[in-house]
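Quick look at structure02.pdb (PDB, C-alpha atoms and all ligand atoms):
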```pdb
ATOM      1  CA  MET N   1      23.164  -9.235   6.506
ATOM      2  CA  ILE N   2      21.791  -6.105   4.896
ATOM      3  CA  PRO N   3      19.898  -7.246   1.780
ATOM      4  CA  ILE N   4      21.409  -6.497  -1.634
ATOM      5  CA  LEU N   5      19.321  -5.922  -4.733
ATOM      6  CA  PHE N   6      21.132  -6.466  -8.029
ATOM      7  CA  TYR N   7      19.356  -4.211 -10.470
ATOM      8  CA  GLY N   8      19.860  -4.107 -14.226
ATOM      9  CA  VAL N   9      20.336  -1.075 -16.441
ATOM     10  CA  PRO N  10      19.326   0.302 -18.846
ATOM     11  CA  GLU N  11      15.516   0.281 -18.573
ATOM     12  CA  GLY N  12      15.434  -2.649 -16.161
ATOM     13  CA  CYS N  13      12.304  -4.237 -14.757
ATOM     14  CA  SER N  14      14.274  -4.199 -11.456
ATOM     15  CA  PHE N  15      12.982  -0.627 -11.147
ATOM     16  CA  GLY N  16       9.856  -1.846  -9.310
ATOM     17  CA  SER N  17      11.903  -3.741  -6.728
ATOM     18  CA  ILE N  18      13.933  -0.583  -5.955
ATOM     19  CA  VAL N  19      10.681   1.352  -5.433
ATOM     20  CA  ALA N  20       9.273  -1.361  -3.164
ATOM     21  CA  LEU N  21      12.458  -1.477  -1.048
ATOM     22  CA  GLU N  22      12.206   2.272  -0.601
ATOM     23  CA  TRP N  23       8.603   1.992   0.555
ATOM     24  CA  LEU N  24       9.504  -0.754   3.014
ATOM     25  CA  GLY N  25      12.072   1.540   4.630
ATOM     26  CA  ARG N  26      14.303  -1.246   5.997
ATOM     27  CA  PRO N  27      18.053  -1.180   5.356
ATOM     28  CA  TYR N  28      19.097  -2.437   1.915
ATOM     29  CA  ARG N  29      21.962  -2.022  -0.518
ATOM     30  CA  LEU N  30      22.069  -1.907  -4.300
ATOM     31  CA  CYS N  31      24.402  -3.446  -6.837
ATOM     32  CA  ARG N  32      24.242  -2.002 -10.342
ATOM     33  CA  ILE N  33      24.590  -4.372 -13.292
ATOM     34  CA  ASP N  34      25.057  -3.218 -16.864
ATOM     35  CA  MET N  35      22.918  -5.847 -18.598
ATOM     36  CA  LEU N  36      24.517  -5.081 -21.970
ATOM     37  CA  GLN N  37      27.935  -6.049 -20.582
ATOM     38  CA  LYS N  38      27.182  -8.424 -17.749
ATOM     39  CA  PRO N  39      30.182  -8.971 -15.489
ATOM     40  CA  GLU N  40      31.267 -12.612 -15.253
ATOM     41  CA  LEU N  41      30.877 -12.433 -11.476
ATOM     42  CA  PHE N  42      27.199 -11.575 -11.838
ATOM     43  CA  THR N  43      26.543 -14.767 -13.787
ATOM     44  CA  ARG N  44      28.202 -16.679 -10.950
ATOM     45  CA  ILE N  45      25.852 -15.017  -8.463
ATOM     46  CA  ALA N  46      22.834 -15.423 -10.764
ATOM     47  CA  PRO N  47      23.429 -18.296 -13.205
ATOM     48  CA  VAL N  48      20.289 -17.438 -15.191
ATOM     49  CA  GLY N  49      21.885 -14.053 -15.837
ATOM     50  CA  GLU N  50      18.730 -12.012 -15.332
ATOM     51  CA  SER N  51      18.011  -9.094 -13.041
ATOM     52  CA  PRO N  52      16.587  -8.358 -10.531
ATOM     53  CA  VAL N  53      18.183 -10.599  -7.912
ATOM     54  CA  LEU N  54      17.605 -10.007  -4.203
ATOM     55  CA  ILE N  55      19.955 -11.372  -1.560
ATOM     56  CA  THR N  56      17.695 -11.444   1.480
ATOM     57  CA  SER N  57      18.653 -10.642   5.053
ATOM     58  CA  GLU N  58      19.242 -14.392   5.613
ATOM     59  CA  GLY N  59      21.589 -14.494   2.625
ATOM     60  CA  ARG N  60      19.125 -16.339   0.397
ATOM     61  CA  GLN N  61      19.105 -15.593  -3.298
ATOM     62  CA  LEU N  62      15.718 -14.668  -4.726
ATOM     63  CA  THR N  63      15.054 -14.112  -8.425
ATOM     64  CA  GLN N  64      11.913 -13.204 -10.392
ATOM     65  CA  SER N  65      10.225  -9.875  -9.763
ATOM     66  CA  ILE N  66       6.990 -11.442  -8.506
ATOM     67  CA  ALA N  67       8.857 -13.417  -5.850
ATOM     68  CA  ILE N  68      10.982 -10.423  -4.842
ATOM     69  CA  LEU N  69       8.018  -8.039  -4.683
ATOM     70  CA  ASN N  70       5.910 -10.494  -2.704
ATOM     71  CA  HIS N  71       8.849 -11.015  -0.323
ATOM     72  CA  ILE N  72       9.158  -7.260   0.237
ATOM     73  CA  ALA N  73       5.388  -6.878   0.609
ATOM     74  CA  ALA N  74       5.263  -9.702   3.166
ATOM     75  CA  HIS N  75       7.704  -7.732   5.341
ATOM     76  CA  GLY N  76       5.460  -4.679   5.107
ATOM     77  CA  LEU N  77       2.119  -6.193   6.126
ATOM     78  CA  GLU N  78       1.701  -3.848   9.083
ATOM     79  CA  MET N  79       2.193  -0.816   6.858
ATOM     80  CA  GLY N  80      -0.269  -2.110   4.226
ATOM     81  CA  LEU N  81       2.422  -2.913   1.669
ATOM     82  CA  GLY N  82       1.270  -6.521   1.467
ATOM     83  CA  HIS N  83      -1.586  -8.761   2.531
ATOM     84  CA  ARG N  84      -1.973 -12.105   4.261
ATOM     85  CA  GLN N  85      -1.672 -14.924   1.743
ATOM     86  CA  GLY N  86      -5.099 -16.382   0.988
ATOM     87  CA  SER N  87      -6.929 -13.117   1.687
ATOM     88  CA  PRO N  88      -8.922 -11.499  -1.155
ATOM     89  CA  ALA N  89      -6.534  -8.522  -1.115
ATOM     90  CA  PHE N  90      -3.519 -10.816  -1.536
ATOM     91  CA  ASP N  91      -5.182 -12.687  -4.411
ATOM     92  CA  ASP N  92      -6.025  -9.404  -6.048
ATOM     93  CA  LEU N  93      -2.485  -8.069  -5.753
ATOM     94  CA  ASN N  94      -1.006 -11.338  -6.963
ATOM     95  CA  ARG N  95      -3.324 -11.293  -9.969
ATOM     96  CA  SER N  96      -2.081  -7.840 -10.927
ATOM     97  CA  LEU N  97       1.558  -8.828 -10.483
ATOM     98  CA  ALA N  98       1.075 -11.954 -12.587
ATOM     99  CA  PHE N  99      -0.614 -10.022 -15.376
ATOM    100  CA  LEU N 100       2.091  -7.373 -15.444
ATOM    101  CA  SER N 101       4.999  -9.788 -15.385
ATOM    102  CA  THR N 102       3.543 -12.051 -18.065
ATOM    103  CA  SER N 103       1.187 -10.248 -20.470
ATOM    104  CA  LEU N 104       2.588  -6.734 -20.204
ATOM    105  CA  PHE N 105       6.261  -7.646 -19.792
ATOM    106  CA  SER N 106       6.210 -10.213 -22.627
ATOM    107  CA  ALA N 107       4.401  -7.897 -25.005
ATOM    108  CA  TYR N 108       7.609  -5.878 -25.309
ATOM    109  CA  SER N 109       9.845  -8.925 -25.897
ATOM    110  CA  PRO N 110       9.798  -8.726 -29.725
ATOM    111  CA  LEU N 111      11.029  -5.127 -29.515
ATOM    112  CA  TRP N 112      13.875  -5.949 -27.113
ATOM    113  CA  PHE N 113      14.783  -8.936 -29.288
ATOM    114  CA  SER N 114      14.881  -6.780 -32.406
ATOM    115  CA  LEU N 115      17.114  -4.268 -30.613
ATOM    116  CA  LYS N 116      19.440  -6.874 -29.109
ATOM    117  CA  TYR N 117      20.082  -8.592 -32.454
ATOM    118  CA  GLU N 118      20.089  -5.301 -34.382
ATOM    119  CA  LEU N 119      17.466  -6.525 -36.842
ATOM    120  CA  ASP N 120      16.255  -4.370 -39.671
ATOM    121  CA  GLY N 121      14.072  -4.678 -42.773
ATOM    122  CA  PRO N 122      11.131  -7.138 -42.862
ATOM    123  CA  SER N 123      12.203  -9.027 -39.718
ATOM    124  CA  GLN N 124      12.207  -5.828 -37.678
ATOM    125  CA  ALA N 125       8.866  -4.734 -39.177
ATOM    126  CA  ALA N 126       7.252  -8.091 -38.373
ATOM    127  CA  LEU N 127       8.489  -8.011 -34.773
ATOM    128  CA  ARG N 128       7.344  -4.424 -34.357
ATOM    129  CA  HIS N 129       3.901  -5.307 -35.696
ATOM    130  CA  GLN N 130       3.661  -8.247 -33.304
ATOM    131  CA  ALA N 131       4.752  -6.118 -30.340
ATOM    132  CA  GLU N 132       2.357  -3.293 -31.184
ATOM    133  CA  THR N 133      -0.540  -5.756 -31.244
ATOM    134  CA  LEU N 134       0.475  -7.364 -27.953
ATOM    135  CA  VAL N 135       1.280  -4.101 -26.138
ATOM    136  CA  ARG N 136      -2.016  -2.494 -27.165
ATOM    137  CA  SER N 137      -3.936  -5.618 -26.201
ATOM    138  CA  ALA N 138      -2.268  -5.708 -22.769
ATOM    139  CA  HIS N 139      -3.171  -2.054 -22.115
ATOM    140  CA  GLN N 140      -6.761  -2.607 -23.273
ATOM    141  CA  LYS N 141      -7.040  -5.454 -20.781
ATOM    142  CA  LEU N 142      -5.539  -3.274 -18.072
ATOM    143  CA  GLU N 143      -8.108  -0.543 -18.669
ATOM    144  CA  LYS N 144     -11.054  -2.935 -18.826
ATOM    145  CA  THR N 145     -10.171  -5.186 -15.921
ATOM    146  CA  LEU N 146      -7.383  -4.393 -13.487
ATOM    147  CA  LEU N 147      -7.872  -0.619 -13.539
ATOM    148  CA  GLN N 148     -11.609  -0.599 -14.079
ATOM    149  CA  ASP N 149     -12.737   0.124 -10.538
ATOM    150  CA  ARG N 150      -9.693   1.459  -8.702
ATOM    151  CA  THR N 151      -7.044   4.108  -8.433
ATOM    152  CA  TRP N 152      -4.108   1.768  -7.835
ATOM    153  CA  LEU N 153      -3.339  -1.624  -9.331
ATOM    154  CA  SER N 154      -2.671  -2.908  -5.840
ATOM    155  CA  GLY N 155      -6.172  -1.937  -4.646
ATOM    156  CA  GLU N 156      -7.173   0.969  -2.476
ATOM    157  CA  ARG N 157      -3.631   2.075  -1.810
ATOM    158  CA  ILE N 158      -0.392   2.211  -3.721
ATOM    159  CA  GLY N 159       1.534  -1.053  -3.585
ATOM    160  CA  VAL N 160       4.067  -3.367  -5.151
ATOM    161  CA  ALA N 161       2.057  -4.001  -8.347
ATOM    162  CA  ASP N 162       2.112  -0.254  -8.988
ATOM    163  CA  ALA N 163       5.864  -0.232  -8.377
ATOM    164  CA  TYR N 164       6.344  -2.916 -11.026
ATOM    165  CA  PHE N 165       4.035  -1.088 -13.416
ATOM    166  CA  ALA N 166       6.138   2.080 -13.057
ATOM    167  CA  GLY N 167       9.163   0.153 -14.304
ATOM    168  CA  VAL N 168       7.581  -1.672 -17.240
ATOM    169  CA  ALA N 169       5.031   0.913 -18.449
ATOM    170  CA  ARG N 170       7.788   3.424 -19.288
ATOM    171  CA  TRP N 171       9.018   1.039 -21.991
ATOM    172  CA  ASN N 172       6.352   2.617 -24.164
ATOM    173  CA  ASP N 173       8.247   5.903 -23.955
ATOM    174  CA  TYR N 174      11.395   4.083 -25.037
ATOM    175  CA  HIS N 175       9.819   2.127 -27.929
ATOM    176  CA  LYS N 176       7.074   4.628 -28.809
ATOM    177  CA  VAL N 177       4.355   2.050 -29.483
ATOM    178  CA  PHE N 178       1.239   4.106 -28.691
ATOM    179  CA  ASP N 179       0.101   7.515 -27.515
ATOM    180  CA  TRP N 180      -0.707   7.447 -23.785
ATOM    181  CA  SER N 181      -3.991   9.257 -24.426
ATOM    182  CA  GLU N 182      -5.305   5.970 -25.918
ATOM    183  CA  PHE N 183      -5.288   4.477 -22.423
ATOM    184  CA  PRO N 184      -6.369   7.229 -20.017
ATOM    185  CA  LYS N 185      -6.539   5.109 -16.859
ATOM    186  CA  ALA N 186      -3.074   3.660 -17.377
ATOM    187  CA  GLN N 187      -1.783   7.123 -18.278
ATOM    188  CA  ALA N 188      -3.266   8.631 -15.107
ATOM    189  CA  LEU N 189      -1.783   5.831 -13.021
ATOM    190  CA  LEU N 190       1.671   6.395 -14.473
ATOM    191  CA  GLN N 191       1.385  10.155 -13.926
ATOM    192  CA  ARG N 192       0.393   9.620 -10.276
ATOM    193  CA  LEU N 193       3.292   7.217  -9.830
ATOM    194  CA  GLN N 194       5.800   9.734 -11.186
ATOM    195  CA  GLN N 195       4.923  11.986  -8.213
ATOM    196  CA  ASP N 196       5.844   9.297  -5.695
ATOM    197  CA  PRO N 197       9.179   9.984  -3.915
ATOM    198  CA  ALA N 198      10.260   6.337  -4.159
ATOM    199  CA  VAL N 199       9.606   6.317  -7.923
ATOM    200  CA  ARG N 200      11.638   9.498  -8.268
ATOM    201  CA  PHE N 201      14.362   7.905  -6.172
ATOM    202  CA  ALA N 202      14.464   4.867  -8.499
ATOM    203  CA  HIS N 203      14.744   7.144 -11.549
ATOM    204  CA  ASP N 204      17.672   8.946  -9.905
ATOM    205  CA  ILE N 205      19.368   5.653  -9.128
ATOM    206  CA  GLU N 206      18.963   4.427 -12.697
ATOM    207  CA  GLU N 207      20.345   7.664 -14.060
ATOM    208  CA  GLY N 208      23.459   7.200 -11.949
ATOM    209  CA  ARG N 209      22.777   9.700  -9.185
ATOM    210  CA  GLU N 210      23.013   8.622  -5.546
ATOM    211  CA  PRO N 211      20.044  10.360  -3.928
ATOM    212  CA  ALA N 212      19.074  10.288  -0.293
ATOM    213  CA  GLY N 213      16.194   7.838   0.053
ATOM    214  CA  ALA N 214      13.553   7.384   2.690
ATOM    215  CA  GLY N 215      16.087   6.015   5.142
ATOM    216  CA  GLY N 216      16.635   2.389   4.167
ATOM    217  CA  PHE N 217      19.164   2.873   1.362
ATOM    218  CA  ARG N 218      22.690   2.063   2.565
ATOM    219  CA  GLY N 219      24.479   2.751  -0.702
ATOM    220  CA  HIS N 220      25.895   0.734  -3.557
ATOM    221  CA  VAL N 221      28.217  -2.249  -3.389
ATOM    222  CA  SER N 222      30.289  -3.447  -6.333
ATOM    223  CA  VAL N 223      29.728  -6.912  -7.805
ATOM    224  CA  ALA N 224      33.127  -7.929  -6.435
ATOM    225  CA  GLU N 225      32.208  -6.798  -2.910
ATOM    226  CA  ALA N 226      28.852  -8.557  -3.110
ATOM    227  CA  ALA N 227      30.457 -11.744  -4.429
ATOM    228  CA  ALA N 228      33.038 -11.666  -1.642
ATOM    229  CA  GLU N 229      30.288 -11.282   0.950
ATOM    230  CA  LEU N 230      28.499 -14.270  -0.568
ATOM    231  CA  GLY N 231      31.685 -16.300  -0.447
ATOM    232  CA  LEU N 232      32.021 -16.391  -4.229
ATOM    233  CA  ALA N 233      35.127 -14.301  -4.729
ATOM    234  CA  GLU N 234      37.718 -12.149  -3.016
ATOM    235  CA  PRO N 235      37.196  -8.378  -3.214
ATOM    236  CA  ALA N 236      39.281  -6.722  -5.931
TER     237      ALA N 236
HETATM  238  N1  LIG N 301      10.453 -12.793 -15.231
HETATM  239  C1  LIG N 301      11.678 -12.150 -14.827
HETATM  240  C2  LIG N 301      12.299 -11.527 -16.027
HETATM  241  C3  LIG N 301      13.669 -11.077 -15.735
HETATM  242  C4  LIG N 301      14.310 -10.465 -16.969
HETATM  243  O1  LIG N 301      14.147 -10.948 -18.098
HETATM  244  N2  LIG N 301      15.021  -9.393 -16.739
HETATM  245  C5  LIG N 301      15.674  -8.724 -17.828
HETATM  246  C6  LIG N 301      15.771  -7.253 -17.520
HETATM  247  S1  LIG N 301      14.186  -6.497 -17.420
HETATM  248  C7  LIG N 301      17.058  -9.290 -17.973
HETATM  249  O2  LIG N 301      17.719  -9.550 -17.009
HETATM  250  N3  LIG N 301      17.513  -9.508 -19.177
HETATM  251  C8  LIG N 301      18.861  -9.966 -19.349
HETATM  252  C9  LIG N 301      19.128 -10.624 -20.591
HETATM  253  O3  LIG N 301      18.163 -10.981 -21.247
HETATM  254  O4  LIG N 301      20.300 -10.830 -20.882
HETATM  255  C10 LIG N 301      11.392 -11.094 -13.738
HETATM  256  O5  LIG N 301      10.345 -10.446 -13.812
HETATM  257  O6  LIG N 301      12.193 -10.917 -12.853
END
```
Write the structure described by the file as structure tokens, please.
Amino acid sequence: MIPILFYGVPEGCSFGSIVALEWLGRPYRLCRIDMLQKPELFTRIAPVGESPVLITSEGRQLTQSIAILNHIAAHGLEMGLGHRQGSPAFDDLNRSLAFLSTSLFSAYSPLWFSLKYELDGPSQAALRHQAETLVRSAHQKLEKTLLQDRTWLSGERIGVADAYFAGVARWNDYHKVFDWSEFPKAQALLQRLQQDPAVRFAHDIEEGREPAGAGGFRGHVSVAEAAAELGLAEPA
């Protein structure tokens, strides 16, 4: 089957998986999920209720951005999208992905929590203070370690860790935690990424446009259509 990526909006971390699928260039479809009003069918497809979810070409369900991005990268070895497991380049890429999906991703959790439960007053202030400390610390570590000696997080060339960064780093623009000039290497990386056609494509998708991609994008399917294809429900 043609793989389906269930991506969450608004501001989803699925963004990176869309970018990586574009780079890979193989046929894929997208299914848009409003994470603020998750359809019941989505929770049947993905019981944990989180996005992204990739249904692979064999019909397997894959969750967790690191697993999805490594899966996509493994299919793009010949084009330099991924590296052989066990090689220094693979370890390096995996290190970046792990850092981004734990330290950087989690640093924003107090802010999302505060928003989700509409907190205000001292509770909101405490969560904001915690998030500001964690987000700044994560970016300091990025500057001093992962970005110290390279242009791209993935190594010498753009790769799936950069794709994931493009999706999560923009949360600073949403929550306004720090000024990008505090972290010049991370800022430069994000600026370079914004020029990438696949990153632009993912922005268009998130904003509800249906742009022409690099060739692999085969359009959107509804949750009902996807569920029917997976044998979970009849199409509406
Ligand atoms: N570690 C997971 C995190 C997945 C995750 O938390 N996704 C968020 C969107 S960025 C989500 O689905 N949240 C739904 C919710 O909390 O209801 C990954 O990187 O894929």
Please identify the residues whose atoms come within 6 Å of ligand LIG 301 (chain N), using all atoms listed in the file, and report them as an mmCIF file with C-alpha atoms, keeping the file's coordinate frame.
```cif
data_model
loop_
_atom_site.group_PDB
_atom_site.id
_atom_site.type_symbol
_atom_site.label_atom_id
_atom_site.label_comp_id
_atom_site.auth_asym_id
_atom_site.auth_seq_id
_atom_site.Cartn_x
_atom_site.Cartn_y
_atom_site.Cartn_z
ATOM 1 C CA GLY N 12 15.434 -2.649 -16.161
ATOM 2 C CA CYS N 13 12.304 -4.237 -14.757
ATOM 3 C CA MET N 35 22.918 -5.847 -18.598
ATOM 4 C CA GLU N 50 18.730 -12.012 -15.332
ATOM 5 C CA SER N 51 18.011 -9.094 -13.041
ATOM 6 C CA PRO N 52 16.587 -8.358 -10.531
ATOM 7 C CA GLN N 64 11.913 -13.204 -10.392
ATOM 8 C CA SER N 65 10.225 -9.875 -9.763
ATOM 9 C CA SER N 101 4.999 -9.788 -15.385
#
```
Output, as lines of an AutoDock Vina configuration file, the centre and edge lengths in Å (one decimal) of the axis-aligned box that contains all listed atoms of stretch 85-103 of chain N with 4 Å of margin on each side.
```
center_x = -2.0
center_y = -11.9
center_z = -9.4
size_x = 21.9
size_y = 17.0
size_z = 30.2
```
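All residues that come within 8 Å of the coordinates (24.3, -3.9, -2.2), counting only C-alpha atoms, are given as Ile2, Pro3, Ile4, Leu5, Phe6, Tyr28, Arg29, Leu30, Cys31, Arg218, Gly219, His220, Val221, Ser222 and Ala226 of chain N.
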Neighbour list for N:Glu143 as a compact mmCIF listing (two decimals) with C-alpha atoms, in the frame of the given file, cut-off 9 Å, all atoms listed in the file, skip fewer than 4 positions in-chain:
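The file below, result_8.txt, is the result:
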```txt
# COMPACT_ATOMS: atom_id res chain seq x y z
CA ALA N 138 -2.27 -5.71 -22.77
CA HIS N 139 -3.17 -2.05 -22.12
CA LEU N 147 -7.87 -0.62 -13.54
CA GLN N 148 -11.61 -0.60 -14.08
CA PHE N 183 -5.29 4.48 -22.42
CA PRO N 184 -6.37 7.23 -20.02
CA LYS N 185 -6.54 5.11 -16.86
CA ALA N 186 -3.07 3.66 -17.38
```
Selection: 9 Å around stretch 200-209 of chain N, all atoms listed in the file, excl. self and same-chain fewer than 2 positions, as a ChimeraX atom specification: /N:7-12,15-16,18-19,22,32,193-198,211-214
Keeping only C-alpha atoms, write those residues as a compact mmCIF listing (two decimals), keeping the file's coordinate frame.
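selection34.txt was written with the following content:
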```txt
# COMPACT_ATOMS: atom_id res chain seq x y z
CA TYR N 7 19.36 -4.21 -10.47
CA GLY N 8 19.86 -4.11 -14.23
CA VAL N 9 20.34 -1.08 -16.44
CA PRO N 10 19.33 0.30 -18.85
CA GLU N 11 15.52 0.28 -18.57
CA GLY N 12 15.43 -2.65 -16.16
CA PHE N 15 12.98 -0.63 -11.15
CA GLY N 16 9.86 -1.85 -9.31
CA ILE N 18 13.93 -0.58 -5.96
CA VAL N 19 10.68 1.35 -5.43
CA GLU N 22 12.21 2.27 -0.60
CA ARG N 32 24.24 -2.00 -10.34
CA LEU N 193 3.29 7.22 -9.83
CA GLN N 194 5.80 9.73 -11.19
CA GLN N 195 4.92 11.99 -8.21
CA ASP N 196 5.84 9.30 -5.70
CA PRO N 197 9.18 9.98 -3.92
CA ALA N 198 10.26 6.34 -4.16
CA PRO N 211 20.04 10.36 -3.93
CA ALA N 212 19.07 10.29 -0.29
CA GLY N 213 16.19 7.84 0.05
CA ALA N 214 13.55 7.38 2.69
```
Distance query N:Arg95 at most 12 Å, only C-alpha atoms, self and fewer than 6 positions along chain excluded, as a ChimeraX atom specification: /N:66,70,88-89,101-103,142,145-146,153-155,160-161
Save stretch 160-235 of chain N from what I just supplied, as a compact mmCIF listing (two decimals), in the first residue's frame, atoms limited to C-alpha atoms.
```
# COMPACT_ATOMS: atom_id res chain seq x y z
CA VAL N 160 16.05 13.79 9.34
CA ALA N 161 17.28 15.36 12.61
CA ASP N 162 17.12 18.75 10.91
CA ALA N 163 13.61 17.96 9.71
CA TYR N 164 12.51 17.24 13.28
CA PHE N 165 14.25 20.38 14.52
CA ALA N 166 12.31 22.48 11.99
CA GLY N 167 9.06 21.26 13.53
CA VAL N 168 9.92 21.66 17.21
CA ALA N 169 12.17 24.76 17.13
CA ARG N 170 9.32 26.94 15.80
CA TRP N 171 7.49 26.40 19.09
CA ASN N 172 9.61 29.26 20.38
CA ASP N 173 7.85 31.57 17.93
CA TYR N 174 4.52 30.32 19.26
CA HIS N 175 5.38 30.59 22.98
CA LYS N 176 7.89 33.46 22.73
CA VAL N 177 10.35 32.09 25.28
CA PHE N 178 13.59 33.69 24.04
CA ASP N 179 15.00 35.92 21.33
CA TRP N 180 16.63 33.82 18.58
CA SER N 181 19.70 36.06 18.64
CA GLU N 182 20.61 34.42 21.99
CA PHE N 183 21.36 31.20 20.11
CA PRO N 184 22.99 32.18 16.81
CA LYS N 185 23.84 28.68 15.59
CA ALA N 186 20.33 27.37 16.20
CA GLN N 187 18.91 30.54 14.64
CA ALA N 188 21.08 30.12 11.53
CA LEU N 189 20.08 26.47 11.25
CA LEU N 190 16.39 27.34 11.41
CA GLN N 191 16.84 30.11 8.83
CA ARG N 192 18.62 27.70 6.46
CA LEU N 193 15.87 25.14 6.97
CA GLN N 194 13.15 27.65 6.09
CA GLN N 195 14.69 27.88 2.59
CA ASP N 196 14.33 24.14 2.01
CA PRO N 197 11.49 23.27 -0.42
CA ALA N 198 10.34 20.32 1.70
CA VAL N 199 10.13 22.54 4.80
CA ARG N 200 8.11 25.07 2.83
CA PHE N 201 5.91 22.24 1.60
CA ALA N 202 5.26 21.10 5.19
CA HIS N 203 4.32 24.66 6.21
CA ASP N 204 1.86 24.81 3.30
CA ILE N 205 0.34 21.49 4.30
CA GLU N 206 -0.08 22.59 7.91
CA GLU N 207 -1.69 25.83 6.82
CA GLY N 208 -4.26 23.86 4.85
CA ARG N 209 -2.95 24.38 1.33
CA GLU N 210 -2.37 21.39 -0.95
CA PRO N 211 0.91 22.24 -2.68
CA ALA N 212 2.67 20.22 -5.32
CA GLY N 213 5.53 18.39 -3.61
CA ALA N 214 8.69 16.83 -4.93
CA GLY N 215 6.75 14.01 -6.53
CA GLY N 216 5.96 11.56 -3.74
CA PHE N 217 2.87 13.25 -2.29
CA ARG N 218 -0.30 11.47 -3.43
CA GLY N 219 -2.77 13.68 -1.60
CA HIS N 220 -4.82 13.51 1.57
CA VAL N 221 -7.07 10.71 2.75
CA SER N 222 -9.77 11.17 5.38
CA VAL N 223 -9.59 9.28 8.68
CA ALA N 224 -12.60 7.25 7.55
CA GLU N 225 -10.90 6.26 4.28
CA ALA N 226 -7.70 5.36 6.11
CA ALA N 227 -9.59 3.34 8.71
CA ALA N 228 -11.48 1.49 5.98
CA GLU N 229 -8.21 0.65 4.23
CA LEU N 230 -6.84 -0.68 7.52
CA GLY N 231 -9.94 -2.79 8.01
CA LEU N 232 -11.12 -0.73 10.98
CA ALA N 233 -14.24 0.86 9.57
CA GLU N 234 -16.35 1.31 6.47
CA PRO N 235 -15.85 4.54 4.51
```
